[in-house]
>>> print(open('final27.pdb').read())   # PDB, C-alpha atoms
ATOM      1  CA  MET A   1       0.000   0.000   0.000
ATOM      2  CA  LEU A   2       1.336   3.445  -0.908
ATOM      3  CA  SER A   3       1.001   6.566   1.186
ATOM      4  CA  ARG A   4      -0.574   9.652  -0.352
ATOM      5  CA  ALA A   5       2.880  11.236  -0.655
ATOM      6  CA  GLU A   6       4.164   8.157  -2.488
ATOM      7  CA  VAL A   7       1.250   8.288  -4.936
ATOM      8  CA  ALA A   8       2.097  11.944  -5.610
ATOM      9  CA  GLU A   9       5.676  10.861  -6.310
ATOM     10  CA  VAL A  10       4.474   8.170  -8.737
ATOM     11  CA  LEU A  11       2.437  10.795 -10.598
ATOM     12  CA  ASN A  12       5.440  13.141 -10.792
ATOM     13  CA  THR A  13       7.548  10.278 -12.118
ATOM     14  CA  ILE A  14       5.143   9.416 -14.934
ATOM     15  CA  GLY A  15       4.953  12.971 -16.210
ATOM     16  CA  PHE A  16       2.090  14.556 -14.303
ATOM     17  CA  ARG A  17       2.607  17.950 -12.744
ATOM     18  CA  GLN A  18       0.946  19.261  -9.619
ATOM     19  CA  VAL A  19      -1.693  21.927 -10.290
ATOM     20  CA  GLY A  20      -3.118  22.561  -6.836
ATOM     21  CA  ASN A  21      -3.071  21.093  -3.360
ATOM     22  CA  SER A  22      -4.511  17.773  -4.399
ATOM     23  CA  SER A  23      -4.552  17.725  -8.210
ATOM     24  CA  TRP A  24      -2.095  16.623 -10.870
ATOM     25  CA  PHE A  25      -2.322  17.267 -14.602
ATOM     26  CA  GLY A  26      -1.027  15.361 -17.608
ATOM     27  CA  MET A  27      -1.888  14.582 -21.215
ATOM     28  CA  GLY A  28      -2.816  11.145 -22.482
ATOM     29  CA  GLN A  29      -3.072   9.896 -26.054
ATOM     30  CA  GLU A  30      -5.656   7.519 -27.433
ATOM     31  CA  GLU A  31      -7.531   7.148 -30.690
ATOM     32  CA  GLY A  32      -4.958   9.459 -32.274
ATOM     33  CA  ARG A  33      -5.962  12.331 -30.023
ATOM     34  CA  ALA A  34      -4.616  13.979 -26.918
ATOM     35  CA  PHE A  35      -6.776  14.134 -23.808
ATOM     36  CA  PRO A  36      -6.196  16.314 -20.730
ATOM     37  CA  VAL A  37      -6.111  14.142 -17.610
ATOM     38  CA  PHE A  38      -6.402  15.305 -14.032
ATOM     39  CA  VAL A  39      -5.690  13.020 -11.092
ATOM     40  CA  HIS A  40      -7.146  14.188  -7.783
ATOM     41  CA  LEU A  41      -5.792  12.829  -4.510
ATOM     42  CA  LYS A  42      -8.610  13.633  -2.106
ATOM     43  CA  PRO A  43      -8.823  12.541   1.529
ATOM     44  CA  ALA A  44     -11.482   9.892   0.834
ATOM     45  CA  TYR A  45     -10.833   9.012  -2.796
ATOM     46  CA  ILE A  46      -8.470   9.053  -5.755
ATOM     47  CA  GLN A  47      -9.923  10.104  -9.084
ATOM     48  CA  ALA A  48      -8.756  10.248 -12.692
ATOM     49  CA  GLU A  49     -10.738  12.814 -14.672
ATOM     50  CA  VAL A  50     -10.357  12.728 -18.440
ATOM     51  CA  HIS A  51     -11.707  15.614 -20.511
ATOM     52  CA  LEU A  52     -12.947  14.075 -23.735
ATOM     53  CA  ASN A  53     -13.137  17.350 -25.682
ATOM     54  CA  LEU A  54     -16.756  16.546 -26.484
ATOM     55  CA  ILE A  55     -19.326  19.196 -25.676
ATOM     56  CA  SER A  56     -23.035  18.591 -25.335
ATOM     57  CA  PRO A  57     -24.627  21.858 -26.500
ATOM     58  CA  CYS A  58     -28.215  20.901 -25.763
ATOM     59  CA  HIS A  59     -30.555  18.065 -24.803
ATOM     60  CA  ILE A  60     -29.438  14.803 -26.466
ATOM     61  CA  SER A  61     -31.410  11.915 -24.997
ATOM     62  CA  ALA A  62     -29.405   9.318 -26.967
ATOM     63  CA  LEU A  63     -26.271  10.568 -25.194
ATOM     64  CA  TYR A  64     -27.752  10.108 -21.715
ATOM     65  CA  GLU A  65     -29.041   6.688 -22.686
ATOM     66  CA  ARG A  66     -25.632   5.641 -24.031
ATOM     67  CA  CYS A  67     -23.806   6.937 -20.945
ATOM     68  CA  ASN A  68     -26.128   4.901 -18.733
ATOM     69  CA  GLN A  69     -25.700   1.864 -20.943
ATOM     70  CA  ILE A  70     -21.903   2.071 -20.680
ATOM     71  CA  ASN A  71     -21.863   2.973 -16.980
ATOM     72  CA  SER A  72     -24.170   0.049 -16.139
ATOM     73  CA  GLY A  73     -21.846  -2.430 -17.811
ATOM     74  CA  ILE A  74     -18.570  -1.470 -16.128
ATOM     75  CA  VAL A  75     -17.461  -1.729 -12.513
ATOM     76  CA  LEU A  76     -15.014   1.176 -12.452
ATOM     77  CA  GLY A  77     -15.438   4.386 -14.403
ATOM     78  CA  LYS A  78     -18.348   6.536 -15.474
ATOM     79  CA  PHE A  79     -19.165   8.916 -18.288
ATOM     80  CA  GLY A  80     -21.124  11.975 -17.265
ATOM     81  CA  LEU A  81     -21.724  15.657 -17.851
ATOM     82  CA  GLY A  82     -19.566  18.299 -16.242
ATOM     83  CA  PRO A  83     -20.502  21.834 -15.187
ATOM     84  CA  LYS A  84     -22.003  24.256 -17.712
ATOM     85  CA  ASP A  85     -19.692  26.617 -19.569
ATOM     86  CA  LYS A  86     -20.500  30.287 -20.287
ATOM     87  CA  GLU A  87     -22.629  29.297 -23.280
ATOM     88  CA  GLY A  88     -24.649  26.841 -21.201
ATOM     89  CA  ARG A  89     -23.044  23.774 -22.778
ATOM     90  CA  ARG A  90     -21.793  20.810 -20.782
ATOM     91  CA  PRO A  91     -18.581  18.830 -21.403
ATOM     92  CA  LEU A  92     -18.641  15.056 -21.497
ATOM     93  CA  ILE A  93     -16.125  13.780 -18.975
ATOM     94  CA  LEU A  94     -14.863  10.362 -17.975
ATOM     95  CA  TRP A  95     -14.142   9.743 -14.310
ATOM     96  CA  VAL A  96     -12.472   6.665 -12.857
ATOM     97  CA  ASP A  97     -12.235   6.717  -9.094
ATOM     98  CA  LEU A  98     -11.703   4.567  -6.039
ATOM     99  CA  PRO A  99     -12.236   5.063  -2.315
ATOM    100  CA  THR A 100      -8.937   5.438  -0.444
ATOM    101  CA  GLY A 101      -7.738   4.619   3.059
ATOM    102  CA  THR A 102      -5.672   6.848   5.318
ATOM    103  CA  PRO A 103      -2.857   9.233   4.274
ATOM    104  CA  ASP A 104      -0.361   6.541   5.309
ATOM    105  CA  GLN A 105      -2.238   3.647   3.718
ATOM    106  CA  TYR A 106      -3.772   5.602   0.882
ATOM    107  CA  VAL A 107      -4.083   3.212  -2.030
ATOM    108  CA  ALA A 108      -2.299   0.262  -3.647
ATOM    109  CA  ARG A 109       0.155   0.886  -6.478
ATOM    110  CA  GLU A 110      -1.974  -1.378  -8.707
ATOM    111  CA  ALA A 111      -4.936   0.920  -8.101
ATOM    112  CA  VAL A 112      -3.072   3.973  -9.446
ATOM    113  CA  GLU A 113      -2.070   2.009 -12.542
ATOM    114  CA  ALA A 114      -5.605   0.629 -12.876
ATOM    115  CA  LEU A 115      -7.207   4.099 -12.813
ATOM    116  CA  LEU A 116      -5.275   5.318 -15.823
ATOM    117  CA  GLY A 117      -5.313   1.973 -17.618
ATOM    118  CA  ILE A 118      -9.066   1.635 -17.244
ATOM    119  CA  ALA A 119      -9.658   5.248 -18.280
ATOM    120  CA  PHE A 120      -7.834   4.861 -21.580
ATOM    121  CA  GLY A 121      -9.333   1.421 -22.158
ATOM    122  CA  LEU A 122     -12.781   3.000 -21.837
ATOM    123  CA  ILE A 123     -11.837   5.767 -24.259
ATOM    124  CA  ARG A 124     -10.657   3.134 -26.763
ATOM    125  CA  GLN A 125     -13.949   1.267 -26.428
ATOM    126  CA  HIS A 126     -16.478   4.071 -26.252
ATOM    127  CA  PHE A 127     -15.120   7.417 -27.420
ATOM    128  CA  ARG A 128     -16.165   7.068 -31.071
ATOM    129  CA  SER A 129     -19.739   6.029 -30.314
ATOM    130  CA  LEU A 130     -20.161   8.961 -27.930
ATOM    131  CA  GLU A 131     -18.619  11.375 -30.420
ATOM    132  CA  GLU A 132     -20.974  10.079 -33.105
ATOM    133  CA  ILE A 133     -24.029  10.617 -30.894
ATOM    134  CA  ILE A 134     -23.032  14.205 -30.125
ATOM    135  CA  ARG A 135     -22.401  14.810 -33.817
ATOM    136  CA  THR A 136     -25.946  13.735 -34.691
ATOM    137  CA  GLY A 137     -27.181  16.784 -32.796
ATOM    138  CA  CYS A 138     -29.912  17.824 -30.445
ATOM    139  CA  ASP A 139     -33.312  16.311 -29.845
ATOM    140  CA  THR A 140     -36.026  18.167 -31.665
ATOM    141  CA  SER A 141     -38.291  17.887 -28.613
ATOM    142  CA  ARG A 142     -37.231  17.195 -25.073
ATOM    143  CA  PRO A 143     -38.814  14.105 -23.560
ATOM    144  CA  ALA A 144     -39.607  15.661 -20.209
ATOM    145  CA  GLN A 145     -41.231  18.607 -21.951
ATOM    146  CA  SER A 146     -43.041  16.452 -24.469
ATOM    147  CA  ASP A 147     -44.366  14.416 -21.526
ATOM    148  CA  ARG A 148     -45.696  17.633 -20.060
ATOM    149  CA  ILE A 149     -47.091  18.787 -23.396
ATOM    150  CA  GLY A 150     -48.720  15.382 -23.792
ATOM    151  CA  GLY A 151     -50.168  15.690 -20.293
ATOM    152  CA  GLY A 152     -51.394  19.199 -21.082
ATOM    153  CA  LEU A 153     -53.101  18.077 -24.295
ATOM    154  CA  LEU A 154     -54.733  15.186 -22.498
ATOM    155  CA  GLY A 155     -55.994  17.599 -19.869
ATOM    156  CA  GLN A 156     -57.439  19.883 -22.538
ATOM    157  CA  LEU A 157     -59.103  16.947 -24.304
ATOM    158  CA  ARG A 158     -60.666  15.781 -21.043
ATOM    159  CA  SER A 159     -61.859  19.298 -20.331
ATOM    160  CA  LEU A 160     -63.351  19.604 -23.840
ATOM    161  CA  ARG A 161     -65.037  16.208 -23.451
ATOM    162  CA  ARG A 162     -66.501  17.261 -20.101
ATOM    163  CA  ARG A 163     -67.794  20.462 -21.654
ATOM    164  CA  GLY A 164     -69.231  18.434 -24.551
ATOM    165  CA  GLN A 165     -71.001  16.121 -22.115
ATOM    166  CA  GLU A 166     -72.268  19.123 -20.189
ATOM    167  CA  GLY A 167     -73.452  20.627 -23.447
ATOM    168  CA  GLY A 168     -70.901  23.515 -23.274
TER     169      GLY A 168
ATOM    170  CA  MET B   1      -3.440  -9.565  -8.591
ATOM    171  CA  PRO B   2      -0.564 -10.698  -6.338
ATOM    172  CA  ASN B   3      -0.711 -14.504  -6.043
ATOM    173  CA  GLY B   4      -4.409 -14.307  -6.907
ATOM    174  CA  ALA B   5      -5.088 -13.689  -3.207
ATOM    175  CA  PHE B   6      -8.277 -11.843  -2.348
ATOM    176  CA  ILE B   7      -9.527 -10.568   0.962
ATOM    177  CA  PRO B   8     -11.485 -13.366   2.686
ATOM    178  CA  ASP B   9     -15.072 -12.816   3.859
ATOM    179  CA  GLN B  10     -14.026 -13.158   7.484
ATOM    180  CA  ARG B  11     -11.637 -10.216   7.141
ATOM    181  CA  VAL B  12     -14.370  -8.070   5.595
ATOM    182  CA  GLU B  13     -16.527  -8.809   8.633
ATOM    183  CA  GLU B  14     -13.636  -7.936  10.944
ATOM    184  CA  TYR B  15     -13.191  -4.613   9.134
ATOM    185  CA  LEU B  16     -16.902  -3.809   9.337
ATOM    186  CA  ALA B  17     -16.930  -4.604  13.060
ATOM    187  CA  GLN B  18     -13.775  -2.532  13.543
ATOM    188  CA  LEU B  19     -15.535   0.422  11.866
ATOM    189  CA  GLY B  20     -18.523   0.011  14.176
ATOM    190  CA  LEU B  21     -20.889  -0.677  11.287
ATOM    191  CA  VAL B  22     -23.919  -2.846  11.916
ATOM    192  CA  PHE B  23     -24.190  -5.605   9.311
ATOM    193  CA  HIS B  24     -26.207  -8.734   8.681
ATOM    194  CA  PRO B  25     -25.351 -11.674   6.448
ATOM    195  CA  GLY B  26     -26.929 -11.438   2.996
ATOM    196  CA  ARG B  27     -28.686 -14.183   1.086
ATOM    197  CA  HIS B  28     -25.421 -15.524  -0.327
ATOM    198  CA  PRO B  29     -22.008 -16.080   1.247
ATOM    199  CA  GLY B  30     -19.778 -13.040   0.850
ATOM    200  CA  THR B  31     -22.686 -10.580   0.897
ATOM    201  CA  TRP B  32     -23.808  -8.351   3.754
ATOM    202  CA  LEU B  33     -26.675  -5.972   4.421
ATOM    203  CA  LEU B  34     -25.935  -2.699   6.210
ATOM    204  CA  PRO B  35     -29.048  -0.785   7.284
ATOM    205  CA  PHE B  36     -28.853   2.974   7.830
ATOM    206  CA  HIS B  37     -31.382   5.449   9.099
ATOM    207  CA  ASP B  38     -31.118   9.163   8.471
ATOM    208  CA  PRO B  39     -33.329  10.838  11.084
ATOM    209  CA  ASP B  40     -32.975  14.266   9.438
ATOM    210  CA  GLU B  41     -34.314  13.027   6.132
ATOM    211  CA  GLY B  42     -36.557  10.335   7.584
ATOM    212  CA  THR B  43     -35.061   7.810   5.193
ATOM    213  CA  HIS B  44     -33.910   4.228   5.574
ATOM    214  CA  THR B  45     -31.186   3.009   3.247
ATOM    215  CA  LEU B  46     -30.127  -0.592   2.910
ATOM    216  CA  VAL B  47     -26.564  -0.783   1.671
ATOM    217  CA  ILE B  48     -25.415  -4.090   0.207
ATOM    218  CA  MET B  49     -21.788  -5.128   0.232
ATOM    219  CA  GLU B  50     -20.502  -8.052  -1.784
ATOM    220  CA  ASN B  51     -17.032  -9.495  -1.774
ATOM    221  CA  GLY B  52     -16.267 -10.444  -5.362
ATOM    222  CA  GLN B  53     -19.719 -11.838  -6.199
ATOM    223  CA  ALA B  54     -20.373  -9.661  -9.244
ATOM    224  CA  ASN B  55     -16.718  -9.328 -10.329
ATOM    225  CA  GLU B  56     -13.980 -11.248  -8.606
ATOM    226  CA  ASN B  57     -11.540  -8.336  -8.679
ATOM    227  CA  PHE B  58     -13.802  -5.970  -6.753
ATOM    228  CA  LEU B  59     -15.618  -5.580  -3.496
ATOM    229  CA  SER B  60     -18.839  -3.761  -4.398
ATOM    230  CA  VAL B  61     -20.984  -1.492  -2.293
ATOM    231  CA  PHE B  62     -24.387  -0.443  -3.576
ATOM    232  CA  THR B  63     -27.924   0.513  -2.755
ATOM    233  CA  THR B  64     -31.105   0.453  -4.790
ATOM    234  CA  LEU B  65     -33.249   3.566  -5.047
ATOM    235  CA  THR B  66     -36.485   4.654  -6.640
ATOM    236  CA  ALA B  67     -38.123   2.816  -9.526
ATOM    237  CA  MET B  68     -38.344   5.249 -12.438
ATOM    238  CA  VAL B  69     -41.188   3.624 -14.341
ATOM    239  CA  GLY B  70     -42.528   6.060 -16.938
ATOM    240  CA  ALA B  71     -39.668   8.509 -16.409
ATOM    241  CA  ARG B  72     -36.731   6.599 -17.853
ATOM    242  CA  SER B  73     -35.591   9.291 -20.251
ATOM    243  CA  SER B  74     -35.662  11.999 -17.579
ATOM    244  CA  ALA B  75     -33.851   9.699 -15.162
ATOM    245  CA  GLU B  76     -31.089   9.000 -17.673
ATOM    246  CA  LYS B  77     -30.429  12.705 -18.037
ATOM    247  CA  ALA B  78     -30.542  13.231 -14.275
ATOM    248  CA  LEU B  79     -28.002  10.437 -13.795
ATOM    249  CA  ALA B  80     -25.669  11.814 -16.483
ATOM    250  CA  LEU B  81     -25.707  15.152 -14.652
ATOM    251  CA  ALA B  82     -25.429  13.665 -11.153
ATOM    252  CA  ASN B  83     -22.561  11.396 -12.204
ATOM    253  CA  GLY B  84     -20.708  14.587 -13.039
ATOM    254  CA  PHE B  85     -21.339  16.027  -9.611
ATOM    255  CA  VAL B  86     -20.828  13.182  -7.143
ATOM    256  CA  ALA B  87     -17.399  11.582  -6.841
ATOM    257  CA  VAL B  88     -16.607   7.905  -6.365
ATOM    258  CA  ALA B  89     -20.206   6.734  -6.330
ATOM    259  CA  LYS B  90     -21.824   5.953  -9.669
ATOM    260  CA  TYR B  91     -25.493   6.135 -10.601
ATOM    261  CA  VAL B  92     -26.903   3.620 -13.029
ATOM    262  CA  LEU B  93     -30.401   2.833 -14.206
ATOM    263  CA  ILE B  94     -31.053  -0.874 -14.610
ATOM    264  CA  ASP B  95     -34.516  -2.225 -15.378
ATOM    265  CA  ASP B  96     -36.098   1.148 -14.510
ATOM    266  CA  ARG B  97     -34.473   1.168 -11.068
ATOM    267  CA  VAL B  98     -31.692   3.527  -9.978
ATOM    268  CA  LEU B  99     -28.680   2.015  -8.245
ATOM    269  CA  VAL B 100     -25.816   3.817  -6.528
ATOM    270  CA  ARG B 101     -22.575   1.832  -6.658
ATOM    271  CA  SER B 102     -19.001   2.055  -5.520
ATOM    272  CA  ALA B 103     -16.193  -0.489  -5.802
ATOM    273  CA  ILE B 104     -12.830  -1.283  -4.219
ATOM    274  CA  LEU B 105     -10.030  -3.513  -5.467
ATOM    275  CA  ARG B 106     -10.194  -6.606  -3.255
ATOM    276  CA  GLY B 107      -6.691  -8.049  -3.515
ATOM    277  CA  GLU B 108      -4.880  -8.761  -0.257
ATOM    278  CA  GLY B 109      -2.724  -5.711   0.387
ATOM    279  CA  GLN B 110      -4.987  -3.488  -1.732
ATOM    280  CA  ILE B 111      -7.709  -2.913   0.825
ATOM    281  CA  CYS B 112      -7.938  -1.410   4.304
ATOM    282  CA  PRO B 113     -10.898  -0.758   6.640
ATOM    283  CA  GLU B 114     -11.128   2.968   5.849
ATOM    284  CA  MET B 115     -11.755   2.146   2.201
ATOM    285  CA  LEU B 116     -14.867   0.228   3.214
ATOM    286  CA  ARG B 117     -16.030   3.121   5.362
ATOM    287  CA  ASN B 118     -15.427   5.642   2.581
ATOM    288  CA  ALA B 119     -17.195   3.454   0.019
ATOM    289  CA  VAL B 120     -20.250   3.091   2.258
ATOM    290  CA  GLN B 121     -20.221   6.794   3.057
ATOM    291  CA  VAL B 122     -20.131   7.906  -0.572
ATOM    292  CA  VAL B 123     -22.957   5.564  -1.496
ATOM    293  CA  LEU B 124     -25.093   6.972   1.334
ATOM    294  CA  ALA B 125     -24.242  10.563   0.448
ATOM    295  CA  ALA B 126     -24.921   9.953  -3.240
ATOM    296  CA  ALA B 127     -28.279   8.352  -2.447
ATOM    297  CA  LYS B 128     -29.188  11.323  -0.284
ATOM    298  CA  PHE B 129     -28.184  13.739  -3.014
ATOM    299  CA  ILE B 130     -30.237  12.242  -5.803
ATOM    300  CA  ARG B 131     -33.501  11.281  -4.071
ATOM    301  CA  PRO B 132     -35.201  14.688  -4.518
ATOM    302  CA  ILE B 133     -34.068  14.855  -8.156
ATOM    303  CA  LEU B 134     -35.598  11.464  -8.923
ATOM    304  CA  GLN B 135     -38.823  12.449  -7.184
ATOM    305  CA  ALA B 136     -38.957  15.599  -9.305
ATOM    306  CA  CYS B 137     -38.411  13.522 -12.472
ATOM    307  CA  LEU B 138     -41.270  11.215 -11.480
ATOM    308  CA  GLN B 139     -43.481  14.278 -11.132
ATOM    309  CA  GLY B 140     -42.651  15.332 -14.680
ATOM    310  CA  GLU B 141     -40.236  18.112 -13.802
ATOM    311  CA  ASP B 142     -37.341  18.934 -16.094
ATOM    312  CA  PRO B 143     -34.353  16.868 -14.855
ATOM    313  CA  GLU B 144     -31.836  19.633 -15.452
ATOM    314  CA  LYS B 145     -33.855  22.147 -13.449
ATOM    315  CA  ALA B 146     -34.288  19.635 -10.623
ATOM    316  CA  PHE B 147     -30.565  18.883 -10.713
ATOM    317  CA  GLU B 148     -29.541  22.537 -10.622
ATOM    318  CA  ARG B 149     -31.920  23.256  -7.760
ATOM    319  CA  ARG B 150     -30.480  20.326  -5.790
ATOM    320  CA  VAL B 151     -26.918  21.436  -6.459
ATOM    321  CA  GLY B 152     -27.890  24.879  -5.166
ATOM    322  CA  GLU B 153     -29.232  23.288  -1.999
ATOM    323  CA  VAL B 154     -26.240  21.109  -1.273
ATOM    324  CA  THR B 155     -23.525  23.593  -2.102
ATOM    325  CA  GLY B 156     -25.089  25.991   0.354
ATOM    326  CA  THR B 157     -24.917  25.099   3.995
ATOM    327  CA  GLY B 158     -25.734  21.792   5.505
ATOM    328  CA  PHE B 159     -25.208  18.983   3.006
ATOM    329  CA  GLN B 160     -22.880  16.901   5.035
ATOM    330  CA  ILE B 161     -23.318  13.289   5.796
ATOM    331  CA  GLY B 162     -21.069  12.253   8.622
ATOM    332  CA  PRO B 163     -19.508   8.871   9.153
ATOM    333  CA  PRO B 164     -22.162   6.245   8.504
ATOM    334  CA  ARG B 165     -24.258   5.340  11.485
ATOM    335  CA  GLY B 166     -24.951   1.657  11.491
ATOM    336  CA  GLY B 167     -28.245   0.172  12.609
TER     337      GLY B 167
END
>>> encode(input="final27.pdb", output="structure tokens")
Amino acid sequence: MLSRAEVAEVLNTIGFRQVGNSSWFGMGQEEGRAFPVFVHLKPAYIQAEVHLNLISPCHISALYERCNQINSGIVLGKFGLGPKDKEGRRPLILWVDLPTGTPDQYVAREAVEALLGIAFGLIRQHFRSLEEIIRTGCDTSRPAQSDRIGGGLLGQLRSLRRRGQEGG
Amino acid sequence: MPNGAFIPDQRVEEYLAQLGLVFHPGRHPGTWLLPFHDPDEGTHTLVIMENGQANENFLSVFTTLTAMVGARSSAEKALALANGFVAVAKYVLIDDRVLVRSAILRGEGQICPEMLRNAVQVVLAAAKFIRPILQACLQGEDPEKAFERRVGEVTGTGFQIGPPRGG
């Protein structure tokens, strides 16, 4: 088991540089592209965060469905949406994380290797399908809204029917 | 995995006892049920721990939440957003039911008691975070609005779940 300080040393050795109290930054390559990677060494967990350079500009239900499909089928790692940018768009990000122990018994060396190995394995497997979904563009109507519109129309129909029955 | 050695079930039980967590044997060997009550929220959460049952390389910690029948599409968006907000725990929707999961490598020498505690704690915190969002989705509310409102609530004061209280 490595201490937190030893994990930081491993990250420095493999080319990451510290960019804050608990974060390290590096670049990874996969699918012929470069991806920014952050590794966070938090008190309760270690996390690799890979920015996929894919932006969701709007509601894309196929994207949420695909993320859930992928996330359901893997033990470690998850694709999800990050915070909104100034234009209200959200980046698609891959996180791979594990709970940690104490600062002295922080995490096993294999776990650090696994985080990055799994992250880039997931990019190899899923990046293109996610990119393709985003490229197909936004939903023309949002499901939650269309549900509400549907509900509203039903309500109006019922009201009209009642009026018809009442002779209105 | 060094020598293919995994943490034995007995050691998991020793760790849970050491952490002061109440647990009961599950339906299968190598599985345990950990009940939690949150008096502030009035919720009961049953956390399930399994030692390599689903995948031999991992000890899994999870809980099952609301059924999202009729709101699958909204739930998928809510989970995509929430997965980007909550660390370590992962939300998935399987057969219309939301699960919160976390996992730990279970090789001997890769696991210590605090990892179990942290895994349980993140699953509880993640469950607490998403419940109101899922309820809003079931009521036909826009998942993004519900998510943003919840984020506003928890990044203000008071969203802290302390060390898990067993039993």
>>> residues_around(input="final27.pdb", residues="region 107-117 of chain A", least_positions_apart="3", cutoff="7 Å", atoms="all atoms listed in the file", output="NGL selection string")
(:A and (1-3 or 48 or 96-97 or 100-101 or 120-121)) or (:B and (110))
>>> closest_atom_pairs(input="final27.pdb", of="chain A", to="chain B", cutoff="8 Å", atoms="all atoms listed in the file", output="JSON lines")
{"residue": "A:Met1", "atom": "CA", "partner": "B:Gln110", "partner_atom": "CA", "distance": 6.3}
{"residue": "A:Ala44", "atom": "CA", "partner": "B:Asn118", "partner_atom": "CA", "distance": 6.1}
{"residue": "A:Tyr45", "atom": "CA", "partner": "B:Val88", "partner_atom": "CA", "distance": 6.9}
{"residue": "A:Gln47", "atom": "CA", "partner": "B:Val88", "partner_atom": "CA", "distance": 7.5}
{"residue": "A:Ser61", "atom": "CA", "partner": "B:Ser73", "partner_atom": "CA", "distance": 6.8}
{"residue": "A:Tyr64", "atom": "CA", "partner": "B:Lys77", "partner_atom": "CA", "distance": 5.2}
{"residue": "A:Glu65", "atom": "CA", "partner": "B:Glu76", "partner_atom": "CA", "distance": 5.9}
{"residue": "A:Cys67", "atom": "CA", "partner": "B:Ala80", "partner_atom": "CA", "distance": 6.9}
{"residue": "A:Asn68", "atom": "CA", "partner": "B:Val92", "partner_atom": "CA", "distance": 5.9}
{"residue": "A:Asn71", "atom": "CA", "partner": "B:Val92", "partner_atom": "CA", "distance": 6.4}
{"residue": "A:Ser72", "atom": "CA", "partner": "B:Val92", "partner_atom": "CA", "distance": 5.5}
{"residue": "A:Val75", "atom": "CA", "partner": "B:Ala103", "partner_atom": "CA", "distance": 6.9}
{"residue": "A:Leu76", "atom": "CA", "partner": "B:Ala103", "partner_atom": "CA", "distance": 7.0}
{"residue": "A:Lys78", "atom": "CA", "partner": "B:Lys90", "partner_atom": "CA", "distance": 6.8}
{"residue": "A:Phe79", "atom": "CA", "partner": "B:Ala80", "partner_atom": "CA", "distance": 7.3}
{"residue": "A:Gly80", "atom": "CA", "partner": "B:Ala80", "partner_atom": "CA", "distance": 4.6}
{"residue": "A:Leu81", "atom": "CA", "partner": "B:Gly84", "partner_atom": "CA", "distance": 5.0}
{"residue": "A:Gly82", "atom": "CA", "partner": "B:Gly84", "partner_atom": "CA", "distance": 5.0}
{"residue": "A:Pro83", "atom": "CA", "partner": "B:Gly84", "partner_atom": "CA", "distance": 7.6}
{"residue": "A:Ile93", "atom": "CA", "partner": "B:Gly84", "partner_atom": "CA", "distance": 7.5}
{"residue": "A:Val96", "atom": "CA", "partner": "B:Val88", "partner_atom": "CA", "distance": 7.8}
{"residue": "A:Asp97", "atom": "CA", "partner": "B:Val88", "partner_atom": "CA", "distance": 5.3}
{"residue": "A:Leu98", "atom": "CA", "partner": "B:Val88", "partner_atom": "CA", "distance": 5.9}
{"residue": "A:Pro99", "atom": "CA", "partner": "B:Met115", "partner_atom": "CA", "distance": 5.4}
{"residue": "A:Thr100", "atom": "CA", "partner": "B:Met115", "partner_atom": "CA", "distance": 5.1}
{"residue": "A:Gly101", "atom": "CA", "partner": "B:Glu114", "partner_atom": "CA", "distance": 4.7}
{"residue": "A:Thr102", "atom": "CA", "partner": "B:Glu114", "partner_atom": "CA", "distance": 6.7}
{"residue": "A:Gln105", "atom": "CA", "partner": "B:Cys112", "partner_atom": "CA", "distance": 7.6}
{"residue": "A:Val107", "atom": "CA", "partner": "B:Gln110", "partner_atom": "CA", "distance": 6.8}
{"residue": "A:Ala108", "atom": "CA", "partner": "B:Gln110", "partner_atom": "CA", "distance": 5.0}
{"residue": "A:Glu110", "atom": "CA", "partner": "B:Gln110", "partner_atom": "CA", "distance": 7.9}
{"residue": "A:Ala111", "atom": "CA", "partner": "B:Leu105", "partner_atom": "CA", "distance": 7.2}
{"residue": "A:Pro143", "atom": "CA", "partner": "B:Ser73", "partner_atom": "CA", "distance": 6.7}
{"residue": "A:Ala144", "atom": "CA", "partner": "B:Asp142", "partner_atom": "CA", "distance": 5.7}
{"residue": "A:Gln145", "atom": "CA", "partner": "B:Asp142", "partner_atom": "CA", "distance": 7.0}
{"residue": "A:Asp147", "atom": "CA", "partner": "B:Gly140", "partner_atom": "CA", "distance": 7.1}
{"residue": "A:Arg148", "atom": "CA", "partner": "B:Gly140", "partner_atom": "CA", "distance": 6.6}
>>> resolve_selection(input="final27.pdb", expression="the PyMOL selection byres ((chain B and resi 66) around 10)", output="ChimeraX atom specification")
/B:64-65,67-69,93,96-99,127,130-131,134-135,138
>>> write_last_selection(input="final27.pdb", atoms="C-alpha atoms", output="CSV table (one decimal), keeping the file's coordinate frame")
chain,number,residue,atom,x,y,z
B,64,THR,CA,-31.1,0.5,-4.8
B,65,LEU,CA,-33.2,3.6,-5.0
B,67,ALA,CA,-38.1,2.8,-9.5
B,68,MET,CA,-38.3,5.2,-12.4
B,69,VAL,CA,-41.2,3.6,-14.3
B,93,LEU,CA,-30.4,2.8,-14.2
B,96,ASP,CA,-36.1,1.1,-14.5
B,97,ARG,CA,-34.5,1.2,-11.1
B,98,VAL,CA,-31.7,3.5,-10.0
B,99,LEU,CA,-28.7,2.0,-8.2
B,127,ALA,CA,-28.3,8.4,-2.4
B,130,ILE,CA,-30.2,12.2,-5.8
B,131,ARG,CA,-33.5,11.3,-4.1
B,134,LEU,CA,-35.6,11.5,-8.9
B,135,GLN,CA,-38.8,12.4,-7.2
B,138,LEU,CA,-41.3,11.2,-11.5
>>> axis_aligned_box(input="final27.pdb", around="region 64-69 of chain B", padding_each_side="5 Å", output="JSON")
{"center_x": -36.1, "center_y": 2.9, "center_z": -9.6, "size_x": 20.1, "size_y": 14.8, "size_z": 19.6}
>>> residues_near_point(input="final27.pdb", point="(-0.8, 21.5, -9.1)", cutoff="12 Å", atoms="only C-alpha atoms", output="PyMOL selection string")
chain A and resi 8+11-12+16-26+38-41
